[in-house]
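In what follows, a structure is listed as structure tokens, so that the remarks can point back to it.
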Amino acid sequence: MPRHTYTQSLLGPDLFEKVKTTRVLVVGAGGIGCELLKNLVLVGFAQIEIIDLDTIDLSNLNRQFLFRKPDISKPKALVAAATARHFNPSSGIDIHARHGNVKDVENDLEWIKGFGLVMSALDNADARSHLNRLCQAGDVPLIESGTSGYAGQVRPIIHDKTECYDCTVRNAPKSFPVCTIRATPSEPIHCIVWGKSYLLPKLFGEDDEAVDEDELEKAKQSGENADEIENLKKEAAAFREVRRLLGEENGAVQVFEKVFDEDIKRLLAMEDMWKVVGRVKPTPLNYRSIMDGTFVTPPKRPSKAAAPAAKQPNGTPAASGATLKDQRKLTVKDNLELFIDSCQRLSARVIARPGTVVSFDKDDDDTLDFVLAVANLRAIAYGIPERTRFQVKEMAGNIIPAIATTNAIIAGFVVLQALAVLRDLSSLASSSSDSFAAAARKANITTPFLTEAVDKPLQSSGLGPPNPACPVCRDVYIPLKADVSALTLGTFVEDVVEGWLGGTLEGEPEFSIQEGDRLLADPDFDDNYERTLKDMGIERGKMLTVIDEDNVYRPIHFCLCTPDANATAPYVLPEQPPAIPRRPVPQATEAESDDSDDDFELSTGAAAAPAVAVPIASRKRRAGENGADGDVGLGQDGKRRKVEVTGEVIEVE
């Protein structure tokens with residue numbers, strides 16, 4: 001009896017045939033991706049493409065079970081595909097594995113339209129948003145999924161029928177005022193952010209005096225204490241002298257004495273700073289007394305609430321007697337010695353490779369040890385509880401706990417939702433907006449999610465309708481097969497926008513043309529008309545966004561695709577232009593305060609707000625911002641200025 005006989009009996013002949021013949025795309029070969037690929041193979045999906053840009057790390061092996069120790073440093077997608085084939089070797093399965101970024105230019109509209117179903121197993125909001133836009137543009141169903149610890153969710157996304165990934169705004173990263181980070185920390189996270197985002201770049205990163213000055217001025221204008229800001233300016237200037245000492249034999253000791261002794265004494269001299277209720281004066285750290293064991297550790301400040309001790313993943317409190325390196329609580333002397341050692345290692349890297357800009361990486365032992373040491377030393381000085389190496393790595397590296405069981409459950413629900421969508425997609429696509437919700441429930445197409453609730457860990461909810469104001473799924477997408485080396489911007493504007501598209505719109509609207517946030521043309525700016533798209537750095541996979549100047553209609557995105565091999569014309573369009581919907585009437589809302597740019601940000605694991613905003617024709621990029629030459633910005637007098645910038649900005653994940 002063939003192996004697939006039981007599967008065919010369970011699914012029925014029609015659905016089983018769709019499983020065998022539908023091309024599916026899996027994006028991501030990590031915790032969920034490995035489980036998902038294994039499930040797809042066992043169910044009988046025979047035409048699978050999987051893409052992932054990452055390579056296998058030792059830390060992946062505890063939950064990504066398609067990988068083994070000899071696979072470390074190999075591409076995840078290639079290894080996962082090779083391993084998964086063995087689960088159903090006689091099924092005639094074809095897994096096309098690719099080591100690459102889903103945002104690469106070859107992964108364009110025509111590519112995504114070649115799949116009947118896409119399954120996302122990504123771990124970051126930017127790539128998820130990009131994939132969501134691709135699927136919306138290509139009208140391809142997407143099964144979105146994600147996990148965090150014991151929680152997880154699966155969400156089917158069907159164009160024009162359900163809300164998409166970008167229909168809801170997610171929580172922004174946590175931010176902290178400059179003065180809190182640099183002068184008056186009160187929590188362990190403040191010390192960690194200071195070490196990661198301030199001290200490490202100051203000593204080993206790119207020294208940008210203008211940016212630092214601008215940041216402090218913005219903090220001052222936003223209402224932070226003027227005296228504290230002036231002192232921070234002096235401190236920043238002093239750091240430029242200190243970083244020159246790092247290459248000397250005792251350079252690390254001099255840095256320690258400057259940062260943890262002299263700077264703290266300078267802060268203590270500002271009596272008014274410590275009159276604020278709740279602030280605790282720091283204690284200067286003396287190098288000699290710490291090394292000879294005579295230093296008296298300051299008492300811990302009283303906690304705001306009786307919080308339980310910080311725990312490690314295995315449920316045991318962090319303690320100095322822990323045997324594992326990452327779980328051991330360091331003494332004051334341990335932290336000082338680690339600071340000296342990590343400074344010497346980082347200095348050697350910079351000296352060996354001049355021009356090297358060191359940045360924090362949770363998998364870089366040198367930068368992790370540095371942030372661990374300086375965060376704990378600062379915490380000791382301010383009477384704040386210290387953290388273990390694992391805790392610092394988790395907080396500074398924005399690590400979201402991953403649990404193999406959660407990944408397995410969510411991956412199983414991804415396949416179940418994929419089967420439901422394949423079975424009933426044609427009938428759902430023809431249903432009206434009013435009847436879709438009931439039809440989806442009848443087809444068991446829902447949003448299953450896993451919670452930490454003991455009494456009911458598995459729940460589900462119905463699919464919501466698209467958000468009328470969504471900047472992604474409510475826009476219009478048109479494929480444009482173009483020879484970018486032959487098609488000029490002027491031809492695109494006059495023939496495609498004003499001729500082919502403009503005739504379908506009421507009145508005679510005027511348009512602006514953008515690529516991303518670059519303004520290429522508008523009614524008052526036609527300098528780029530004679531330039532080809534290739535000359536402006538616009539190629540396959542990019543989108544030309546057309547916006548009417550009065551903002552009456554939704555933005556229209558022309559998705560650049562590779563022309564047919566025998567094409568002679570510079571571009572090919574669909575036979576008829578689509579109907580262009582109007583923008584929803586904006587509702588009056590209370591003005592929102594502008595977040596200060598001078599805050600330090602540290603993601604807490606919550607997905608960031610959607611990266612794609614509704615392009616507005618009146619929003620011009622300022623002079624001096626990155627972009628290809630020929631961009632337009634606004635001068636100080638408010639008039640348009642052409643910005644000549646050489647080079648190309650490449651966006652990577």
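Here, A, B, ... name the chains of the structure tokens in the order displayed, residue numbers run from 1 inside each chain, and ligands are numbered from 1 in the same displayed order.
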**Request:** Check segment 490-607 of chain A with DSSP on the backbone and list each residue it calls strand (DSSP E or B), as a PyMOL selection string.
**Result:** chain A and resi 511-515+518-522+525+532+543-548+553+556-561+571-572+582+600-602
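Residues surrounding Ile93 of chain A within 8 Å are A:Val41, A:Gly44, A:Phe45, A:Ala46, A:Gln47, A:Ile48, A:Arg85, A:Asn88, A:Pro89 [only C-alpha atoms; sequence separation below 4 positions excluded].
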Selected residues written out with all heavy atoms, as a compact mmCIF listing (two decimals), in the first residue's frame:
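Below you can see selection.txt, which holds the result:
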# COMPACT_ATOMS: atom_id res chain seq x y z
N VAL A 41 6.25 18.16 4.24
CA VAL A 41 6.74 16.95 3.56
C VAL A 41 5.92 15.73 3.97
O VAL A 41 5.53 14.91 3.13
CB VAL A 41 8.23 16.74 3.88
CG1 VAL A 41 8.70 15.37 3.40
CG2 VAL A 41 9.07 17.84 3.24
N GLY A 44 2.49 15.64 2.36
CA GLY A 44 2.52 15.28 0.95
C GLY A 44 2.70 16.44 0.00
O GLY A 44 2.62 16.25 -1.23
N PHE A 45 2.93 17.65 0.50
CA PHE A 45 3.22 18.76 -0.40
C PHE A 45 4.48 18.41 -1.20
O PHE A 45 5.51 18.06 -0.64
CB PHE A 45 3.45 20.05 0.39
CG PHE A 45 2.17 20.68 0.88
CD1 PHE A 45 1.61 20.31 2.09
CD2 PHE A 45 1.52 21.64 0.12
CE1 PHE A 45 0.44 20.89 2.55
CE2 PHE A 45 0.35 22.22 0.56
CZ PHE A 45 -0.20 21.84 1.78
N ALA A 46 4.38 18.54 -2.51
CA ALA A 46 5.46 18.03 -3.36
C ALA A 46 6.24 19.12 -4.08
O ALA A 46 7.29 18.83 -4.66
CB ALA A 46 4.89 17.06 -4.40
N GLN A 47 5.73 20.35 -4.08
CA GLN A 47 6.44 21.44 -4.77
C GLN A 47 6.66 22.59 -3.77
O GLN A 47 5.78 23.42 -3.57
CB GLN A 47 5.64 21.92 -5.98
CG GLN A 47 5.44 20.83 -7.03
CD GLN A 47 4.79 21.37 -8.28
OE1 GLN A 47 5.14 22.43 -8.77
NE2 GLN A 47 3.81 20.65 -8.80
N ILE A 48 7.82 22.57 -3.14
CA ILE A 48 8.11 23.50 -2.05
C ILE A 48 9.36 24.29 -2.39
O ILE A 48 10.36 23.74 -2.85
CB ILE A 48 8.34 22.73 -0.73
CG1 ILE A 48 7.14 21.84 -0.39
CG2 ILE A 48 8.63 23.70 0.41
CD1 ILE A 48 7.40 20.89 0.78
N ARG A 85 13.84 15.98 3.17
CA ARG A 85 13.53 15.04 2.08
C ARG A 85 13.46 13.60 2.58
O ARG A 85 12.71 12.78 2.04
CB ARG A 85 14.59 15.15 0.98
CG ARG A 85 14.49 16.42 0.16
CD ARG A 85 15.42 16.37 -1.05
NE ARG A 85 15.36 17.60 -1.81
CZ ARG A 85 16.23 18.60 -1.68
NH1 ARG A 85 17.22 18.51 -0.79
NH2 ARG A 85 16.11 19.69 -2.41
N ASN A 88 9.99 11.73 3.71
CA ASN A 88 9.03 11.17 2.75
C ASN A 88 9.74 10.97 1.42
O ASN A 88 9.42 11.61 0.41
CB ASN A 88 7.84 12.13 2.58
CG ASN A 88 6.61 11.44 2.03
OD1 ASN A 88 6.66 10.29 1.61
ND2 ASN A 88 5.49 12.14 2.03
N PRO A 89 10.71 10.08 1.39
CA PRO A 89 11.61 9.98 0.23
C PRO A 89 10.96 9.49 -1.05
O PRO A 89 11.43 9.79 -2.14
CB PRO A 89 12.69 9.00 0.72
CG PRO A 89 12.01 8.19 1.77
CD PRO A 89 11.05 9.11 2.44
**Request:** Show which residues sit within 7 Å of segment 14-30 of chain A, as a PyMOL selection string. Count only C-alpha atoms, and ignore same-chain residues fewer than 5 positions away.
**Result:** chain A and resi 8+44-52+64+76-77+80+115-122+423
**Item:** Residue nearest Ala482 of chain A among A:Ser430, A:Asn467, A:Thr5, A:Thr562 (counting only C-alpha atoms)
**Value:**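 Closest candidate: A:Thr562.
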**Request:** Point out the residue among A:Ile410, A:Leu501, A:Cys559, A:Val259 with the least atom-to-atom distance to Arg182 of chain A, counting only C-alpha atoms.
**Result:** A:Val259
Counting only C-alpha atoms, which residues of segment 128-218 of chain A sit at most 12 Å from some atom of segment 328-344 of chain A, and what is each one's closest atom pair with its distance in Å to one decimal, listed by chain and rising residue number, as CSV?
residue,atom,partner,partner_atom,distance
A:Gly195,CA,A:Phe339,CA,11.2
A:Leu199,CA,A:Cys343,CA,11.4
A:Leu200,CA,A:Cys343,CA,9.7
A:Leu203,CA,A:Cys343,CA,9.1
A:Phe204,CA,A:Cys343,CA,9.2
Generate a file of the selected residues that holds C-alpha atoms, formatted as a PDB file, in the first residue's frame.
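Printed below is out.pdb as written:
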ATOM      1  CA  GLY A 195      26.857  50.346  27.919  1.00  0.00           C
ATOM      2  CA  LEU A 199      29.814  53.820  25.995  1.00  0.00           C
ATOM      3  CA  LEU A 200      30.649  51.106  23.422  1.00  0.00           C
ATOM      4  CA  LEU A 203      35.065  54.196  22.793  1.00  0.00           C
ATOM      5  CA  PHE A 204      35.135  51.887  19.771  1.00  0.00           C
TER       6      PHE A 204
END
**Message:** Give me, as a ChimeraX atom specification, all polymer residues having an atom no more than 9 Å from Gly516 of chain A, counting only C-alpha atoms and skipping those fewer than 5 positions away in the same chain.
**Reply:** /A:542-545,615
**Request:** Using DSSP on the backbone, list every residue of segment 243-317 of chain A that comes out as alpha helix (DSSP H), and give them as JSON, numbers by chain.
**Result:** {"A": [251, 252, 253, 254, 255, 256, 257, 263, 264, 265, 266, 267, 268, 287, 288, 289, 290, 291]}
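Rounded to one decimal, atom CA of Arg387 of chain A and atom CA of Ser148 of chain A lie 22.1 Å from each other.
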**Prompt:** Closest to Glu539 of chain A among A:Phe558, A:Phe67, A:Phe390, A:Tyr553, using only C-alpha atoms?
**Reply:**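 Among the listed residues, A:Phe558 lies closest to Glu539 of chain A.
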**Item:** Selection: 12 Å around Ala438 of chain A, only C-alpha atoms, excl. self and same-chain fewer than 4 positions, as a list in words
**Value:**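 Here the qualifying residues turn out to be Lys161, Leu428, Ser431, Ser432, Ser433, Asp434, Lys442, Ala443, Asn444, Ile445, Thr446, Gly462, Leu463 and Gly464 of chain A.
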Per residue of segment 395-431 of chain A within 12 Å of segment 367-375 of chain A, what are the shortest atom pair and its distance in Å to one decimal, counting only C-alpha atoms, with rows by chain and residue number, as a tab-separated table?
residue	atom	partner	partner_atom	distance
A:Met395	CA	A:Leu372	CA	10.7
A:Ala396	CA	A:Val371	CA	8.5
A:Gly397	CA	A:Leu368	CA	9.1
**Request:** Kindly give the distance, in Å, that separates atom CA of Leu480 of chain A and atom CA of Ala137 of chain A, rounded to a single decimal.
**Result:**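 Atom-to-atom, atom CA of Leu480 of chain A and atom CA of Ala137 of chain A are spaced 12.1 Å apart.
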**Request:** Write out as a PyMOL selection string each polymer residue whose atoms come within 12 Å of Val140 of chain A, counting only C-alpha atoms; drop sequence neighbours fewer than 6 positions from it.
**Result:** chain A and resi 23-25+109-119+131-134+156-161+164+421-422+425+429+473
